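Below you'll find the structure, written out as structure tokens, and then a few comments.
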Amino acid sequence: MAGCTISPLAFTMAMEVIIRASRWVVGGEKTKNGIRLPPIRAYMDDMTTLTTTAACTRRLLGKLQENIKWARMKIKPNKSRSISIVKGQLKMLGSALGTTQYQRRLSSLSKAWADGTMQASGTKIKSSSNVATHNELPITTVQKMERTMTSFVKKWLGVPRCLTNISLYGKGVLELPLTSLTKEYKCSKVRLLMTLKDSSDQTISNAVPPLLTGRKWTPFDAVQQATSALRHSDIVGHVQLGRGGFGLSASKPTWRKASTSERRKMVVEEVRHQEEAERSAKAVSLAKQGQWMRWEGMERRKLSWRELWEMEANNISSIIRATYDVLPSPKNQMVWRGPNL
């Protein structure tokens, strides 16, 4: 059936029959919220089982092997992995199907996680001591990464280190094709939280795991603030900006009439807007590098990557320095080095 357009659908329907015929033999894990998780989850031909005891695992895998054999398929032990956690300790699960071949070829992850390394396909991968949250980074770590990245970007553009980060990541009078790592981190966390909360599957929406982002910023508070701002904008209504007449500006979707996907996009855009508002508030407090905030009638310029690559290095540096008043002019030299030059 190679190349057939309905083969993925037919395979998914067959796997759904196998899963429904196998999961009734045991109960799933019960979360703190009282939601019972399904004992079998699958995506195409990849299947994961989650049970509370070794006896339930043997019973579930036995029924699963029986149904898979009935469908004229088989499990490949060399591609299977198992892990067992008993009172916080990692242990080997043993043979769940009762065959010596399966027991001999089944790889257990408990040995690997116990000594901090995981052996997979002949490659050793270092792992964290916390299995559940090893890929979660606090916002302080992301900000540290952004500071390191910003220092190299400034060297590449040929601008001084005293230049504010608003000139690189802000949408001011001169917009560069650069994006803040912290802003993208916040938007990704907010998008993930909204996706989990708005899921049509009640098992997922009622048992949303906490997203560990540190103590300085949490996606739950960011979603609450963005949602409140969007609801407030619905109450205020459409606001006309500029000297144009009513109805000339583009209309925006309202929160109460938006769909689930539209609300998710609106919240992410609102988080971006709040980050930009914080940069604008910080730029107003800057005496020299924030003077562009008081310019009137100035046309804003947005540089693309193509324009940036075609420019000479001295031209890019001169444009950025002149916009934010960090050129080595006599007046700035007097401020930086004093009268004794």
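Chain identifiers are assigned as A, B, and so on, following the order in which chains appear in the structure tokens; residues are numbered from 1 within each chain, and ligands are numbered from 1 in order of appearance.
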
Excluding Asp234 (chain A) and its own-chain neighbours fewer than 5 positions away, which residues fall within 8 Å of it when counting only C-alpha atoms? Please give them as a list in words. Thr254, Trp255 and Arg256 of chain A

Those same residues - all heavy atoms - I'd like them written as a PDB file, in the first residue's frame.
ATOM      1  N   THR A 254     -12.533  40.331  18.050  1.00  0.00           N
ATOM      2  CA  THR A 254     -12.844  40.523  19.459  1.00  0.00           C
ATOM      3  C   THR A 254     -12.659  39.233  20.228  1.00  0.00           C
ATOM      4  O   THR A 254     -12.725  38.132  19.670  1.00  0.00           O
ATOM      5  CB  THR A 254     -14.290  41.017  19.613  1.00  0.00           C
ATOM      6  OG1 THR A 254     -15.182  40.057  19.023  1.00  0.00           O
ATOM      7  CG2 THR A 254     -14.481  42.362  18.931  1.00  0.00           C
ATOM      8  N   TRP A 255     -12.446  39.362  21.539  1.00  0.00           N
ATOM      9  CA  TRP A 255     -12.173  38.198  22.369  1.00  0.00           C
ATOM     10  C   TRP A 255     -13.409  37.303  22.506  1.00  0.00           C
ATOM     11  O   TRP A 255     -13.294  36.080  22.469  1.00  0.00           O
ATOM     12  CB  TRP A 255     -11.694  38.664  23.742  1.00  0.00           C
ATOM     13  CG  TRP A 255     -11.489  37.564  24.728  1.00  0.00           C
ATOM     14  CD1 TRP A 255     -12.336  37.167  25.713  1.00  0.00           C
ATOM     15  CD2 TRP A 255     -10.355  36.699  24.802  1.00  0.00           C
ATOM     16  NE1 TRP A 255     -11.809  36.104  26.408  1.00  0.00           N
ATOM     17  CE2 TRP A 255     -10.586  35.807  25.874  1.00  0.00           C
ATOM     18  CE3 TRP A 255      -9.170  36.595  24.085  1.00  0.00           C
ATOM     19  CZ2 TRP A 255      -9.672  34.830  26.239  1.00  0.00           C
ATOM     20  CZ3 TRP A 255      -8.252  35.626  24.448  1.00  0.00           C
ATOM     21  CH2 TRP A 255      -8.500  34.748  25.511  1.00  0.00           C
ATOM     22  N   ARG A 256     -14.565  37.901  22.651  1.00  0.00           N
ATOM     23  CA  ARG A 256     -15.765  37.084  22.903  1.00  0.00           C
ATOM     24  C   ARG A 256     -16.239  36.347  21.662  1.00  0.00           C
ATOM     25  O   ARG A 256     -16.933  35.341  21.773  1.00  0.00           O
ATOM     26  CB  ARG A 256     -16.892  37.958  23.452  1.00  0.00           C
ATOM     27  CG  ARG A 256     -17.287  39.109  22.547  1.00  0.00           C
ATOM     28  CD  ARG A 256     -18.283  40.044  23.226  1.00  0.00           C
ATOM     29  NE  ARG A 256     -18.669  41.159  22.360  1.00  0.00           N
ATOM     30  CZ  ARG A 256     -19.655  41.108  21.494  1.00  0.00           C
ATOM     31  NH1 ARG A 256     -20.356  39.989  21.354  1.00  0.00           N
ATOM     32  NH2 ARG A 256     -19.948  42.161  20.754  1.00  0.00           N
TER      33      ARG A 256
END

Need to verify the contact set: region 142-154 of chain A, 12 Å, only C-alpha atoms, exclusion of same-chain residues closer than 4 positions in sequence. Can you return it as number ranges by chain? A: 136-138, 158-169, 176-186, 213-214, 216-217, 313, 316-317, 320-321

As a list in words, please: the residues near Ala287 (chain A) (cut-off 12 Å, only C-alpha atoms, same-chain neighbours under 4 positions excluded). Thr164, Lys282, Ala283, Gln291, Trp292, Met293, Arg294, Tyr324, Asp325 and Val326 of chain A

All heavy atoms of the current selection, written as a PDB file, in the first residue's frame:
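Once everything was written out, this is selection36.pdb:
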ATOM      1  N   THR A 164      22.098  50.197  24.335  1.00  0.00           N
ATOM      2  CA  THR A 164      20.999  49.480  24.972  1.00  0.00           C
ATOM      3  C   THR A 164      20.472  48.368  24.073  1.00  0.00           C
ATOM      4  O   THR A 164      20.539  48.453  22.832  1.00  0.00           O
ATOM      5  CB  THR A 164      19.859  50.463  25.323  1.00  0.00           C
ATOM      6  OG1 THR A 164      18.773  49.734  25.875  1.00  0.00           O
ATOM      7  CG2 THR A 164      19.384  51.198  24.084  1.00  0.00           C
ATOM      8  N   LYS A 282      11.068  51.789  29.123  1.00  0.00           N
ATOM      9  CA  LYS A 282      12.473  51.891  29.488  1.00  0.00           C
ATOM     10  C   LYS A 282      13.205  52.883  28.598  1.00  0.00           C
ATOM     11  O   LYS A 282      14.111  53.601  29.048  1.00  0.00           O
ATOM     12  CB  LYS A 282      13.135  50.511  29.389  1.00  0.00           C
ATOM     13  CG  LYS A 282      14.578  50.481  29.839  1.00  0.00           C
ATOM     14  CD  LYS A 282      15.164  49.084  29.747  1.00  0.00           C
ATOM     15  CE  LYS A 282      16.622  49.072  30.180  1.00  0.00           C
ATOM     16  NZ  LYS A 282      17.216  47.701  30.071  1.00  0.00           N
ATOM     17  N   ALA A 283      12.819  52.962  27.317  1.00  0.00           N
ATOM     18  CA  ALA A 283      13.474  53.901  26.406  1.00  0.00           C
ATOM     19  C   ALA A 283      13.181  55.344  26.775  1.00  0.00           C
ATOM     20  O   ALA A 283      14.021  56.230  26.576  1.00  0.00           O
ATOM     21  CB  ALA A 283      13.024  53.624  24.968  1.00  0.00           C
ATOM     22  N   GLN A 291      16.360  59.501  23.053  1.00  0.00           N
ATOM     23  CA  GLN A 291      15.890  60.763  22.481  1.00  0.00           C
ATOM     24  C   GLN A 291      14.969  60.554  21.286  1.00  0.00           C
ATOM     25  O   GLN A 291      14.154  61.425  20.976  1.00  0.00           O
ATOM     26  CB  GLN A 291      17.091  61.623  22.068  1.00  0.00           C
ATOM     27  CG  GLN A 291      17.924  62.126  23.232  1.00  0.00           C
ATOM     28  CD  GLN A 291      19.071  63.000  22.785  1.00  0.00           C
ATOM     29  OE1 GLN A 291      19.175  63.327  21.597  1.00  0.00           O
ATOM     30  NE2 GLN A 291      19.936  63.389  23.715  1.00  0.00           N
ATOM     31  N   TRP A 292      15.080  59.406  20.601  1.00  0.00           N
ATOM     32  CA  TRP A 292      14.226  59.150  19.439  1.00  0.00           C
ATOM     33  C   TRP A 292      12.752  59.038  19.826  1.00  0.00           C
ATOM     34  O   TRP A 292      11.876  59.169  18.961  1.00  0.00           O
ATOM     35  CB  TRP A 292      14.682  57.871  18.739  1.00  0.00           C
ATOM     36  CG  TRP A 292      14.666  56.654  19.622  1.00  0.00           C
ATOM     37  CD1 TRP A 292      15.672  56.209  20.419  1.00  0.00           C
ATOM     38  CD2 TRP A 292      13.579  55.745  19.805  1.00  0.00           C
ATOM     39  NE1 TRP A 292      15.300  55.072  21.091  1.00  0.00           N
ATOM     40  CE2 TRP A 292      14.011  54.762  20.715  1.00  0.00           C
ATOM     41  CE3 TRP A 292      12.292  55.652  19.269  1.00  0.00           C
ATOM     42  CZ2 TRP A 292      13.203  53.718  21.125  1.00  0.00           C
ATOM     43  CZ3 TRP A 292      11.483  54.607  19.670  1.00  0.00           C
ATOM     44  CH2 TRP A 292      11.936  53.648  20.587  1.00  0.00           C
ATOM     45  N   MET A 293      12.462  58.828  21.105  1.00  0.00           N
ATOM     46  CA  MET A 293      11.076  58.768  21.546  1.00  0.00           C
ATOM     47  C   MET A 293      10.401  60.144  21.469  1.00  0.00           C
ATOM     48  O   MET A 293       9.163  60.228  21.420  1.00  0.00           O
ATOM     49  CB  MET A 293      10.997  58.239  22.982  1.00  0.00           C
ATOM     50  CG  MET A 293      11.440  56.795  23.145  1.00  0.00           C
ATOM     51  SD  MET A 293      10.277  55.634  22.399  1.00  0.00           S
ATOM     52  CE  MET A 293       8.837  55.871  23.406  1.00  0.00           C
ATOM     53  N   ARG A 294      11.192  61.225  21.426  1.00  0.00           N
ATOM     54  CA  ARG A 294      10.647  62.585  21.370  1.00  0.00           C
ATOM     55  C   ARG A 294      10.688  63.175  19.967  1.00  0.00           C
ATOM     56  O   ARG A 294      10.363  64.358  19.786  1.00  0.00           O
ATOM     57  CB  ARG A 294      11.411  63.479  22.343  1.00  0.00           C
ATOM     58  CG  ARG A 294      11.245  63.072  23.801  1.00  0.00           C
ATOM     59  CD  ARG A 294      11.970  64.007  24.737  1.00  0.00           C
ATOM     60  NE  ARG A 294      13.414  63.826  24.656  1.00  0.00           N
ATOM     61  CZ  ARG A 294      14.093  62.933  25.384  1.00  0.00           C
ATOM     62  NH1 ARG A 294      13.433  62.147  26.231  1.00  0.00           N
ATOM     63  NH2 ARG A 294      15.401  62.826  25.273  1.00  0.00           N
ATOM     64  N   TYR A 324      20.793  56.219  17.872  1.00  0.00           N
ATOM     65  CA  TYR A 324      20.743  56.185  19.337  1.00  0.00           C
ATOM     66  C   TYR A 324      21.810  57.066  19.980  1.00  0.00           C
ATOM     67  O   TYR A 324      22.109  56.895  21.171  1.00  0.00           O
ATOM     68  CB  TYR A 324      20.863  54.739  19.815  1.00  0.00           C
ATOM     69  CG  TYR A 324      19.718  53.880  19.334  1.00  0.00           C
ATOM     70  CD1 TYR A 324      19.850  53.098  18.187  1.00  0.00           C
ATOM     71  CD2 TYR A 324      18.494  53.885  19.990  1.00  0.00           C
ATOM     72  CE1 TYR A 324      18.784  52.323  17.734  1.00  0.00           C
ATOM     73  CE2 TYR A 324      17.434  53.118  19.547  1.00  0.00           C
ATOM     74  CZ  TYR A 324      17.597  52.348  18.408  1.00  0.00           C
ATOM     75  OH  TYR A 324      16.542  51.589  17.961  1.00  0.00           O
ATOM     76  N   ASP A 325      22.411  57.991  19.195  1.00  0.00           N
ATOM     77  CA  ASP A 325      23.318  59.027  19.711  1.00  0.00           C
ATOM     78  C   ASP A 325      24.492  58.430  20.481  1.00  0.00           C
ATOM     79  O   ASP A 325      24.802  58.822  21.607  1.00  0.00           O
ATOM     80  CB  ASP A 325      22.553  60.004  20.604  1.00  0.00           C
ATOM     81  CG  ASP A 325      23.337  61.296  20.828  1.00  0.00           C
ATOM     82  OD1 ASP A 325      24.341  61.507  20.118  1.00  0.00           O
ATOM     83  OD2 ASP A 325      22.947  62.083  21.717  1.00  0.00           O
ATOM     84  N   VAL A 326      25.171  57.461  19.874  1.00  0.00           N
ATOM     85  CA  VAL A 326      26.391  56.915  20.466  1.00  0.00           C
ATOM     86  C   VAL A 326      27.564  57.046  19.497  1.00  0.00           C
ATOM     87  O   VAL A 326      28.541  56.310  19.591  1.00  0.00           O
ATOM     88  CB  VAL A 326      26.200  55.435  20.879  1.00  0.00           C
ATOM     89  CG1 VAL A 326      25.274  55.309  22.064  1.00  0.00           C
ATOM     90  CG2 VAL A 326      25.671  54.605  19.708  1.00  0.00           C
TER      91      VAL A 326
END

When you look at Gly62 (chain A) with a cut-off of 10 Å (counting only C-alpha atoms), what residues show up, excluding the ones that are within fewer than 2 positions of it in the same chain? I need them as a PyMOL selection string. chain A and resi 22+25+56-60+64-68+96-98

For the residues in the current selection, export N, CA and C atoms as a compact mmCIF listing (two decimals), in the first residue's frame.
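selection.txt, written as the output of this step:
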# COMPACT_ATOMS: atom_id res chain seq x y z
N SER A 22 -7.61 -3.51 24.31
CA SER A 22 -6.57 -3.92 25.27
C SER A 22 -6.59 -3.11 26.55
N VAL A 25 -8.36 -3.99 30.49
CA VAL A 25 -7.94 -5.00 31.47
C VAL A 25 -7.34 -4.37 32.73
N CYS A 56 -0.02 -5.35 36.79
CA CYS A 56 -0.88 -4.69 35.78
C CYS A 56 -0.15 -4.55 34.45
N THR A 57 1.15 -4.32 34.51
CA THR A 57 1.92 -4.21 33.27
C THR A 57 1.96 -5.53 32.53
N ARG A 58 2.19 -6.63 33.25
CA ARG A 58 2.21 -7.95 32.61
C ARG A 58 0.84 -8.28 32.00
N ARG A 59 -0.22 -7.97 32.74
CA ARG A 59 -1.56 -8.26 32.24
C ARG A 59 -1.89 -7.40 31.01
N LEU A 60 -1.50 -6.14 31.05
CA LEU A 60 -1.78 -5.25 29.93
C LEU A 60 -0.97 -5.63 28.70
N LEU A 64 -2.22 -6.95 25.13
CA LEU A 64 -1.80 -6.19 23.97
C LEU A 64 -1.11 -7.07 22.95
N GLN A 65 -0.26 -7.99 23.42
CA GLN A 65 0.40 -8.91 22.49
C GLN A 65 -0.60 -9.85 21.82
N GLU A 66 -1.61 -10.24 22.58
CA GLU A 66 -2.63 -11.12 22.01
C GLU A 66 -3.40 -10.43 20.89
N ASN A 67 -3.78 -9.17 21.10
CA ASN A 67 -4.52 -8.45 20.08
C ASN A 67 -3.64 -8.09 18.88
N ILE A 68 -2.38 -7.76 19.14
CA ILE A 68 -1.48 -7.45 18.03
C ILE A 68 -1.20 -8.69 17.19
N ALA A 96 7.85 -8.88 30.89
CA ALA A 96 6.40 -8.68 31.04
C ALA A 96 5.61 -9.69 30.23
N LEU A 97 6.20 -10.21 29.16
CA LEU A 97 5.49 -11.15 28.31
C LEU A 97 5.81 -12.60 28.64
N GLY A 98 6.81 -12.82 29.47
CA GLY A 98 7.10 -14.17 29.91
C GLY A 98 7.94 -14.99 28.97

Give me, please, the distance in Å between CA of Leu192 (chain A) and CA of Asn33 (chain A), quoted to one decimal.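 It comes out at 19.9 Å.
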
Go through A:Ser251, A:Asn314, A:Gln333, A:Thr51 one by one, measure the shortest atom-to-atom distance of each to Lys30 (chain A) using only C-alpha atoms, and give the residue with the smallest value.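 For Lys30 (chain A), the nearest of the candidates is A:Thr51.
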
Please report the interatomic distance between CA of Pro38 (chain A) and CA of Ala54 (chain A) in Å with one decimal.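 These two atoms are separated by 16.5 Å.
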
Select, from A:Gln274, A:Val190, A:Gly34, A:Ser205, the residue with the minimum atom-to-atom distance to Ala229 (chain A), counting only C-alpha atoms. A:Gln274

Minimum-distance residue to Gly172 (chain A), chosen among A:Thr141, A:Thr323, A:Ser84, A:Ser200 (using only C-alpha atoms):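 Of the candidates, the smallest distance to Gly172 (chain A) is held by A:Thr323.
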
Nearest-residue call for Gln240 (chain A), choices A:Ala281, A:Arg306, A:Ser7, A:Lys252, using only C-alpha atoms: A:Lys252

Pick from A:Thr218, A:Thr53, A:Thr227, A:Thr48, whichever lies nearest to Ser80 (chain A) using only C-alpha atoms: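 Comparing A:Thr218, A:Thr53, A:Thr227, A:Thr48 against Ser80 (chain A), the winner is A:Thr48.
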
For Ser188 (chain A), work out the shell of residues within 12 Å, counting only C-alpha atoms and skipping chain neighbours fewer than 5 positions away, then give it as a ChimeraX atom specification. /A:181-183,193-195,211,213,219,222-223,264-265,267-269,271-272
